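S.K.: Structure in structure tokens, see below.
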Amino acid sequence: MTTQQIVPGRGGAADVAVPTPGAPGEPARRSARRLARFLRMVPVAPAVALLATFLAGPIVWSLYGSFTNAALTGKNASDPQWIGFDNYVKLLNDPVFPLSLWLTVLFTLGSAVIAQNILGLGLALVMQKANKQVSSTVGTIIVAAWILPEIVAAFVCYAYFSQDGTLNQLLAVFGMTGPNWLYSFPMLAIILANLWRGTAFSMMVYQAALGDVPPEITEAAMIDGAGGAKRLAYVTIPMIRNTITTNTMLITLQTLSVFTLVYVMTAGGPGNDSTTLPILAYKEAFRFSNIGYGTAIATVMLLIGAIFSVVYIRALRPSKA
Amino acid sequence: MNKRAAIAIAAIAITSLVAMTGCSSSPSASGEKTLKIVYIKTDAFTALDSLFATTKTAFEAAHQGVTVELQPIAATDDDYKTKLALSQRSTETAPDIFYEDTTSLRADVDAGYLLNLDDYVSEWTDWSQFTDAAKEAGRGDDGSLYAVSLGTDTRALWYSKPVLEAAGIAVPWQPTSWADVLDTVKKIKAATPDVVPFNLYAGTGTGEGSNMQGFYELLYGTDLGADALYDSGSSKWVTGSQGFIDSLTFVHDLYSDGLALTPAQALDPNIWKNVFGEMFPQGKLGMTIEGSYSPSFWQAGGSYAWPDYATAMGAASFPTQDGQDPGGVSMSGGWTLAVGAKTADPQLAFDFLAMALNKDNALAYDNANSQIAVRKDVAADPSYTAANPFVQAVTDLVNVTHFRPATSDYPQISAEVQKATEAVITDKATPQEAAAAYDTAIEGIVGQDNVIKK
């Protein structure tokens, strides 16, 4: 097979300029091209089939459910009705929704976009400089938070921040009485918990990216008189820009959907003070049996994720060219 | 090339087929019959598990080829209801017999989850032993019977005799108005500052419990009485009532004057364990509103066994606001057993239910779980009346008790009440503001046509 066949249209002007009507070999070649085009899709087909079954299926169901008054109990459980956009109208008028949206954005920006990125990059930079023993020891400790199952990590954080928890006992050593963090500062507690849990991921991504920065370029900058901060700002960061964008997108999407950590630590409380959108969707769908309303919230979360993704993908594009 | 394509296509087809069928399970072997029983079992609640274990043995011996599959769920009441409702959505997972709360009964009947039992109880000789109230508890909106009551409960004002005596209050104690309660509580505070005078559950932490063992005892004791939350005459939810504001004010005053727990403690979902397990036994608590089942935690074999509870504790009825008739307030709930509408063999399932609720089993369950008997023969049994020293006192509360409105939107209303009490104990709102926020929320949930201003 030639390249021509594999990538049709890549031939450039010659392909278009030479008309070959009724050439004897044409139909055969066209069908061969069609087959080739089909075969090119074959390797991705299993992935597409799996995505369609396990990802697109639930999304379509959720989208459909958000236009019905489906419920877990009551008349609407056995016979849900199509109610159009009623769930979305109700959501826009729900006083908890703006609060929940704000808390979700705060949680995502605070614990992922800003803190995990900075801390992850910082750790990666420091560990590049540290000797091997130190970096592998520190690395193991940090990665431990990440490999813990989410429910275990959540219990650990609950035990750390609760009234009689580790943090307050540590404070007591210095003669201070700590507040009940989960009650008085619920958002701070869950942001720190997610930061603790998620930083390892960013750190590993940045370690890999920093390893790919050619040392001769940084050395050249050093010879030109650039100090540490300047080298980081003008050499290292521009060179790992794509990694930063990709990493930010991944951790944003991960953090948007965090449920277990928040539910175990505060269950969205006190009141609605830490009710992020996943918690709100869960409460509406399963605590109050309004599956339809819950799926409408889930659909909104999907949209928010999509908006973030589009922004990041656009940010990623120019440097690719 | 074509061959490879064919293989690839076949591979895709198989992949998606496996993916599609992976979710559905294979049918079970035929011939043998299986009855699936779903219920709650937790560390603190094992009475039902032993009831079913006993019944399973007897039932399997009496019915050859029948396997009884017990599926206890370790969860809170709320989580249990969610899991149960989810399992009802498919014939594969729907239970044959299940433990059903009377509050969710009507909504679940509407959803078509429960089997109509009218024809089955008419041929059941034991049915005449059940009290009328118990029969009523299992009815759906259409007047048919859908579940059989396991037992009921009431709520009393449990107080610590040593704590009250230390404050110079004579026991047995029976307050006659809210002012009377507050007066006593303040005396306790003055006499023993390190004792929590009155634990009044409030807020969303304890969930439905904070209403049943807290706010409703106040609300149902105001001038509107039984119609304080839901007006039964017009079938509408009450808004704007002075009683609601007064009740919130009582809660607010208690917490802001330091006569209750700190708000952070009160909002801990596990606080009730401290109340039963530590605060009362250690004499660190003056009083609380709790269920008639309280002795089941303290008696031998209970989760917080405390041999002295019989002499150290007292039970009074919670008074109405100004002592108006009938003088006391209690709330009742209760759980039932129901047969799933999707069961393969309804008669067999009902036979199991009937065996589980026969006199011996019901007696053992009521005694182990400190339930108020719903069978006349059990109530008359000497071992029932002697099960603990408080049986008579809590059974008498049946005369002043109230039931929650069992509508399908009740869980949401209940959550709004919890939010209102939480707002006042955390000082996020005054009682007036919290009541106004409640009114707005209720209108949003049930619609303007379904509320009535009092």
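Scheme for the structure tokens: letters A, B, ... for chains in order shown; per-chain residue numbers from 1; ligand numbers from 1 in order shown.
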DSSP on the backbone: which residues in region 231-377 of chain B end up as helix (DSSP H, G or I)? Give the answer as an MDAnalysis selection string.
M.R.: chainID B and resid 242:256 263:266 271:279 294:298 309:312 346:356 359:368 376:377
S.K.: Limited to C-alpha atoms, could you put the picked residues into a file as a PDB file, in the first residue's frame?
M.R.:
```
ATOM      1  CA  GLN B 242     -47.285  30.502  65.350  1.00  0.00           C
ATOM      2  CA  GLY B 243     -46.742  27.011  66.754  1.00  0.00           C
ATOM      3  CA  PHE B 244     -43.926  26.401  64.297  1.00  0.00           C
ATOM      4  CA  ILE B 245     -42.199  29.624  65.321  1.00  0.00           C
ATOM      5  CA  ASP B 246     -42.760  28.877  69.032  1.00  0.00           C
ATOM      6  CA  SER B 247     -41.264  25.399  68.632  1.00  0.00           C
ATOM      7  CA  LEU B 248     -38.209  26.794  66.836  1.00  0.00           C
ATOM      8  CA  THR B 249     -37.876  29.412  69.551  1.00  0.00           C
ATOM      9  CA  PHE B 250     -37.823  26.698  72.202  1.00  0.00           C
ATOM     10  CA  VAL B 251     -35.088  24.865  70.299  1.00  0.00           C
ATOM     11  CA  HIS B 252     -33.151  28.087  69.784  1.00  0.00           C
ATOM     12  CA  ASP B 253     -33.326  29.145  73.428  1.00  0.00           C
ATOM     13  CA  LEU B 254     -32.235  25.759  74.656  1.00  0.00           C
ATOM     14  CA  TYR B 255     -29.139  25.764  72.448  1.00  0.00           C
ATOM     15  CA  SER B 256     -28.221  29.428  72.775  1.00  0.00           C
ATOM     16  CA  PRO B 263     -24.352  22.578  67.705  1.00  0.00           C
ATOM     17  CA  ALA B 264     -21.328  20.705  66.334  1.00  0.00           C
ATOM     18  CA  GLN B 265     -22.037  17.765  68.680  1.00  0.00           C
ATOM     19  CA  ALA B 266     -25.745  17.830  67.875  1.00  0.00           C
ATOM     20  CA  ILE B 271     -24.495  11.441  68.700  1.00  0.00           C
ATOM     21  CA  TRP B 272     -27.316   9.093  69.734  1.00  0.00           C
ATOM     22  CA  LYS B 273     -24.719   6.414  70.423  1.00  0.00           C
ATOM     23  CA  ASN B 274     -23.028   8.746  72.903  1.00  0.00           C
ATOM     24  CA  VAL B 275     -26.371   9.518  74.514  1.00  0.00           C
ATOM     25  CA  PHE B 276     -27.146   5.853  75.123  1.00  0.00           C
ATOM     26  CA  GLY B 277     -23.666   4.501  75.572  1.00  0.00           C
ATOM     27  CA  GLU B 278     -21.898   7.199  77.567  1.00  0.00           C
ATOM     28  CA  MET B 279     -23.831  10.271  78.604  1.00  0.00           C
ATOM     29  CA  SER B 294     -34.509   2.795  74.447  1.00  0.00           C
ATOM     30  CA  PRO B 295     -34.367  -0.034  77.039  1.00  0.00           C
ATOM     31  CA  SER B 296     -33.369  -2.452  74.258  1.00  0.00           C
ATOM     32  CA  PHE B 297     -29.961  -0.762  74.147  1.00  0.00           C
ATOM     33  CA  TRP B 298     -29.460  -0.934  77.909  1.00  0.00           C
ATOM     34  CA  TYR B 309     -30.770   1.659  83.862  1.00  0.00           C
ATOM     35  CA  ALA B 310     -33.951   0.322  85.460  1.00  0.00           C
ATOM     36  CA  THR B 311     -33.388   2.361  88.612  1.00  0.00           C
ATOM     37  CA  ALA B 312     -31.380   5.266  87.215  1.00  0.00           C
ATOM     38  CA  PRO B 346     -47.313 -14.972  46.559  1.00  0.00           C
ATOM     39  CA  GLN B 347     -48.949 -17.618  48.767  1.00  0.00           C
ATOM     40  CA  LEU B 348     -45.597 -19.059  49.806  1.00  0.00           C
ATOM     41  CA  ALA B 349     -44.276 -15.574  50.557  1.00  0.00           C
ATOM     42  CA  PHE B 350     -47.327 -14.730  52.641  1.00  0.00           C
ATOM     43  CA  ASP B 351     -47.015 -18.024  54.525  1.00  0.00           C
ATOM     44  CA  PHE B 352     -43.502 -17.038  55.494  1.00  0.00           C
ATOM     45  CA  LEU B 353     -44.688 -13.609  56.613  1.00  0.00           C
ATOM     46  CA  ALA B 354     -47.460 -15.203  58.677  1.00  0.00           C
ATOM     47  CA  MET B 355     -45.006 -17.551  60.354  1.00  0.00           C
ATOM     48  CA  ALA B 356     -42.587 -14.714  61.097  1.00  0.00           C
ATOM     49  CA  LYS B 359     -47.419 -15.179  68.512  1.00  0.00           C
ATOM     50  CA  ASP B 360     -44.132 -16.737  69.635  1.00  0.00           C
ATOM     51  CA  ASN B 361     -42.027 -14.910  67.083  1.00  0.00           C
ATOM     52  CA  ALA B 362     -43.775 -11.589  67.624  1.00  0.00           C
ATOM     53  CA  LEU B 363     -43.355 -11.926  71.388  1.00  0.00           C
ATOM     54  CA  ALA B 364     -39.659 -12.710  71.097  1.00  0.00           C
ATOM     55  CA  TYR B 365     -39.139  -9.800  68.705  1.00  0.00           C
ATOM     56  CA  ASP B 366     -41.117  -7.276  70.750  1.00  0.00           C
ATOM     57  CA  ASN B 367     -39.234  -8.217  73.897  1.00  0.00           C
ATOM     58  CA  ALA B 368     -35.801  -8.232  72.299  1.00  0.00           C
ATOM     59  CA  LYS B 376     -53.448  -8.595  71.616  1.00  0.00           C
ATOM     60  CA  ASP B 377     -52.176 -12.020  72.701  1.00  0.00           C
TER      61      ASP B 377
END
```
S.K.: For Gln412 (chain B), work out the shell of residues within 8 Å, counting only C-alpha atoms and skipping chain neighbours fewer than 4 positions away, then give it as a list in words.
M.R.: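 The contact residues come out as Phe288 of chain A; Glu416 and Ile445 of chain B.
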S.K.: Can you spit out the residues from that selection as a tab-separated table (two decimals), in the first residue's frame, using N, CA and C atoms?
M.R.:
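Once written, selection_9.tsv looks like this:
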```tsv
chain	number	residue	atom	x	y	z
A	288	PHE	N	-34.08	11.92	48.21
A	288	PHE	CA	-35.45	12.40	48.02
A	288	PHE	C	-36.14	11.71	46.85
B	416	GLU	N	-36.74	19.57	55.18
B	416	GLU	CA	-36.86	21.03	55.37
B	416	GLU	C	-37.01	21.37	56.85
B	445	ILE	N	-41.88	22.74	47.11
B	445	ILE	CA	-41.92	21.29	46.96
B	445	ILE	C	-43.33	20.81	46.57
```
S.K.: Mind listing as a compact mmCIF listing (two decimals) with N, CA and C atoms, in the first residue's frame which residues of chain A are within 8 Å of chain B, counting only C-alpha atoms?
M.R.:
```txt
# COMPACT_ATOMS: atom_id res chain seq x y z
N LEU A 39 -10.95 -0.25 6.92
CA LEU A 39 -10.00 -1.03 7.73
C LEU A 39 -9.25 -0.16 8.72
N VAL A 42 -10.95 -0.17 11.94
CA VAL A 42 -11.08 -1.43 12.66
C VAL A 42 -10.38 -1.43 14.03
N PRO A 43 -9.12 -0.97 14.09
CA PRO A 43 -8.43 -1.05 15.40
C PRO A 43 -9.14 -0.27 16.50
N ALA A 45 -12.36 0.13 16.72
CA ALA A 45 -13.75 -0.31 16.90
C ALA A 45 -14.04 -0.90 18.29
N PRO A 46 -13.17 -1.75 18.83
CA PRO A 46 -13.49 -2.29 20.16
C PRO A 46 -13.63 -1.17 21.19
N ALA A 49 -16.92 0.48 20.65
CA ALA A 49 -18.02 -0.35 21.12
C ALA A 49 -18.13 -0.26 22.65
N LEU A 50 -17.00 -0.32 23.31
CA LEU A 50 -17.01 -0.25 24.78
C LEU A 50 -17.50 1.12 25.25
N THR A 53 -21.18 1.41 24.80
CA THR A 53 -21.98 0.64 25.76
C THR A 53 -21.92 1.24 27.16
N LEU A 72 -37.95 7.19 42.60
CA LEU A 72 -37.67 5.87 43.16
C LEU A 72 -38.91 5.27 43.77
N THR A 73 -39.84 6.11 44.20
CA THR A 73 -41.05 5.61 44.81
C THR A 73 -42.21 6.53 44.44
N GLY A 74 -43.41 6.14 44.78
CA GLY A 74 -44.58 6.92 44.38
C GLY A 74 -45.02 6.57 42.97
N LYS A 75 -46.07 7.24 42.52
CA LYS A 75 -46.67 6.90 41.21
C LYS A 75 -45.67 7.01 40.07
N ASN A 76 -44.78 8.00 40.15
CA ASN A 76 -43.86 8.23 39.04
C ASN A 76 -42.77 7.16 38.93
N ALA A 77 -42.70 6.27 39.92
CA ALA A 77 -41.69 5.22 39.85
C ALA A 77 -42.07 4.19 38.80
N SER A 78 -43.36 3.84 38.75
CA SER A 78 -43.77 2.81 37.80
C SER A 78 -44.13 3.41 36.45
N ASN A 180 -13.80 22.20 65.35
CA ASN A 180 -14.22 21.03 64.59
C ASN A 180 -14.16 21.42 63.11
N TYR A 183 -16.94 20.89 60.68
CA TYR A 183 -18.16 21.65 60.94
C TYR A 183 -17.94 23.15 60.70
N PRO A 270 -22.05 21.27 57.13
CA PRO A 270 -23.36 21.45 57.77
C PRO A 270 -24.29 22.28 56.90
N GLY A 271 -25.56 22.00 56.97
CA GLY A 271 -26.51 22.62 56.05
C GLY A 271 -26.14 22.22 54.64
N PHE A 286 -31.33 10.10 45.30
CA PHE A 286 -31.46 8.91 46.14
C PHE A 286 -32.03 9.19 47.52
N ARG A 287 -31.78 10.39 48.07
CA ARG A 287 -32.36 10.66 49.38
C ARG A 287 -33.82 11.08 49.23
N PHE A 288 -34.08 11.92 48.21
CA PHE A 288 -35.45 12.40 48.02
C PHE A 288 -36.14 11.71 46.85
N SER A 289 -35.53 10.67 46.33
CA SER A 289 -36.16 9.80 45.32
C SER A 289 -36.47 10.47 43.98
```
S.K.: Closest to Trp127 (chain B) among B:Ser303, B:Gln321, B:Asn358, B:Thr154, using only C-alpha atoms?
M.R.: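 Using only C-alpha atoms, the shortest distance to Trp127 (chain B) belongs to B:Asn358.
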S.K.: Please, which residues of region 184-365 of chain B, numbered as in this document, come out strand (DSSP E or B) from DSSP, as a ChimeraX atom specification?
M.R.: /B:196-199,230-231,236-239,285-291,313-316,318-319,328-332,334-340
S.K.: For the selection just defined, write its residues with N, CA and C atoms to a file, as a CSV table (one decimal), in the first residue's frame.
M.R.:
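Final file, selection_18.csv:
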```csv
chain,number,residue,atom,x,y,z
B,196,VAL,N,-24.9,18.0,80.7
B,196,VAL,CA,-25.7,18.6,79.6
B,196,VAL,C,-27.1,18.4,80.1
B,197,PRO,N,-27.9,19.5,80.3
B,197,PRO,CA,-29.2,19.4,81.0
B,197,PRO,C,-30.2,18.6,80.1
B,198,PHE,N,-30.3,19.0,78.8
B,198,PHE,CA,-31.3,18.4,77.9
B,198,PHE,C,-30.8,18.3,76.5
B,199,ASN,N,-30.7,17.0,76.0
B,199,ASN,CA,-30.3,16.8,74.7
B,199,ASN,C,-31.6,16.7,73.8
B,230,TYR,N,-49.4,19.0,59.1
B,230,TYR,CA,-50.2,18.7,57.9
B,230,TYR,C,-51.7,18.7,58.3
B,231,ASP,N,-52.4,19.5,57.6
B,231,ASP,CA,-53.8,19.7,58.0
B,231,ASP,C,-54.6,18.5,57.3
B,236,LYS,N,-53.6,19.5,53.3
B,236,LYS,CA,-52.6,20.5,52.9
B,236,LYS,C,-51.5,20.6,54.0
B,237,TRP,N,-50.3,21.1,53.5
B,237,TRP,CA,-49.3,21.3,54.5
B,237,TRP,C,-49.4,22.7,55.1
B,238,VAL,N,-49.2,22.8,56.4
B,238,VAL,CA,-49.4,24.0,57.2
B,238,VAL,C,-48.2,24.9,57.0
B,239,THR,N,-48.4,26.2,56.7
B,239,THR,CA,-47.4,27.2,56.7
B,239,THR,C,-47.8,28.3,57.6
B,285,LEU,N,-25.9,13.5,81.4
B,285,LEU,CA,-27.0,14.1,80.7
B,285,LEU,C,-28.2,14.1,81.6
B,286,GLY,N,-29.0,15.2,81.5
B,286,GLY,CA,-30.2,15.2,82.3
B,286,GLY,C,-31.4,14.5,81.7
B,287,MET,N,-31.7,14.9,80.4
B,287,MET,CA,-32.8,14.3,79.8
B,287,MET,C,-32.7,14.3,78.3
B,288,THR,N,-33.5,13.5,77.6
B,288,THR,CA,-33.6,13.5,76.2
B,288,THR,C,-34.9,12.9,75.8
B,289,ILE,N,-35.4,13.3,74.6
B,289,ILE,CA,-36.6,12.6,74.0
B,289,ILE,C,-36.1,11.5,73.2
B,290,GLU,N,-36.5,10.3,73.6
B,290,GLU,CA,-36.1,9.1,72.8
B,290,GLU,C,-37.3,8.1,72.7
B,291,GLY,N,-37.0,7.1,71.9
B,291,GLY,CA,-38.1,6.1,71.6
B,291,GLY,C,-38.3,5.1,72.7
B,313,MET,N,-33.0,5.5,85.4
B,313,MET,CA,-33.7,6.2,84.4
B,313,MET,C,-35.2,6.3,84.7
B,314,GLY,N,-35.8,7.4,84.3
B,314,GLY,CA,-37.2,7.6,84.4
B,314,GLY,C,-37.8,8.0,83.0
B,315,ALA,N,-39.1,7.7,82.8
B,315,ALA,CA,-39.7,8.0,81.6
B,315,ALA,C,-41.0,8.9,81.9
B,316,ALA,N,-41.0,10.1,81.3
B,316,ALA,CA,-42.2,10.9,81.4
B,316,ALA,C,-42.8,11.2,80.0
B,318,PHE,N,-43.7,13.9,77.2
B,318,PHE,CA,-43.3,15.3,76.9
B,318,PHE,C,-44.6,16.1,77.0
B,319,PRO,N,-44.5,17.3,77.7
B,319,PRO,CA,-45.8,18.0,77.9
B,319,PRO,C,-46.1,18.9,76.7
B,328,GLY,N,-50.0,15.6,77.0
B,328,GLY,CA,-48.7,15.0,76.6
B,328,GLY,C,-48.6,14.8,75.1
B,329,VAL,N,-47.4,14.6,74.6
B,329,VAL,CA,-47.2,14.4,73.2
B,329,VAL,C,-46.3,13.2,73.0
B,330,SER,N,-46.6,12.4,72.0
B,330,SER,CA,-45.6,11.4,71.6
B,330,SER,C,-45.7,11.2,70.1
B,331,MET,N,-44.7,10.6,69.5
B,331,MET,CA,-44.7,10.4,68.1
B,331,MET,C,-44.6,8.9,67.9
B,332,SER,N,-45.3,8.3,67.0
B,332,SER,CA,-45.2,6.9,66.7
B,332,SER,C,-44.8,6.6,65.3
B,334,GLY,N,-43.1,2.9,63.2
B,334,GLY,CA,-43.3,1.5,63.2
B,334,GLY,C,-43.0,1.0,61.9
B,335,TRP,N,-42.5,-0.3,61.9
B,335,TRP,CA,-42.2,-0.9,60.6
B,335,TRP,C,-43.1,-2.1,60.4
B,336,THR,N,-43.1,-2.6,59.2
B,336,THR,CA,-44.0,-3.7,58.8
B,336,THR,C,-43.2,-4.7,58.0
B,337,LEU,N,-43.9,-5.8,57.7
B,337,LEU,CA,-43.4,-6.7,56.7
B,337,LEU,C,-44.3,-6.7,55.6
B,338,ALA,N,-43.8,-6.7,54.4
B,338,ALA,CA,-44.6,-6.6,53.2
B,338,ALA,C,-44.1,-7.7,52.2
B,339,VAL,N,-45.0,-8.1,51.3
B,339,VAL,CA,-44.7,-9.0,50.2
B,339,VAL,C,-44.5,-8.3,48.9
B,340,GLY,N,-43.4,-8.6,48.2
B,340,GLY,CA,-43.1,-7.9,47.0
B,340,GLY,C,-44.1,-8.2,45.9
```
S.K.: How far is it from CA of Leu210 (chain A) to CA of Ile237 (chain A), in Å with one decimal?
M.R.: 9.2 Å
S.K.: Would you work out the distance separating CA of Ala166 (chain B) from CA of Ile188 (chain B), expressed in Å to one decimal?
M.R.: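 Those two atoms sit 7.7 Å apart.
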S.K.: Excluding same-chain residues fewer than 4 positions from Ser274 (chain A), what lies within 10 Å of it counting only C-alpha atoms, as a list in words?
M.R.: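 Everything that qualifies: Leu99, Ser100, Leu103, Thr104, Phe107, Leu182, Tyr183, Phe185, Pro186, Met187, Leu188, Ala189, Ile190, Val262, Tyr263, Met265, Thr266, Ala267, Gly268, Gly269, Pro270, Ile279 and Leu280 of chain A.
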S.K.: Leaving out region 194-208 of chain A and any residue of its chain fewer than 6 positions from it, which residues lie within 7 Å of it when counting only C-alpha atoms, given as a VMD selection string?
M.R.: chain A and resid 111 to 112 115 to 117 119 to 121 123 to 124 142 to 143 145 to 146 247
S.K.: Between CA of Leu261 (chain B) and CA of Asp183 (chain B), measure the distance and give it in Å to one decimal.
M.R.: 17.4 Å
S.K.: Tell me, as a PyMOL selection string, which residues lie within 9 Å of Lys36 (chain B), counting only C-alpha atoms; anything in the same chain fewer than 2 positions away does not count.
M.R.: chain B and resi 34+38+67-71+94-98
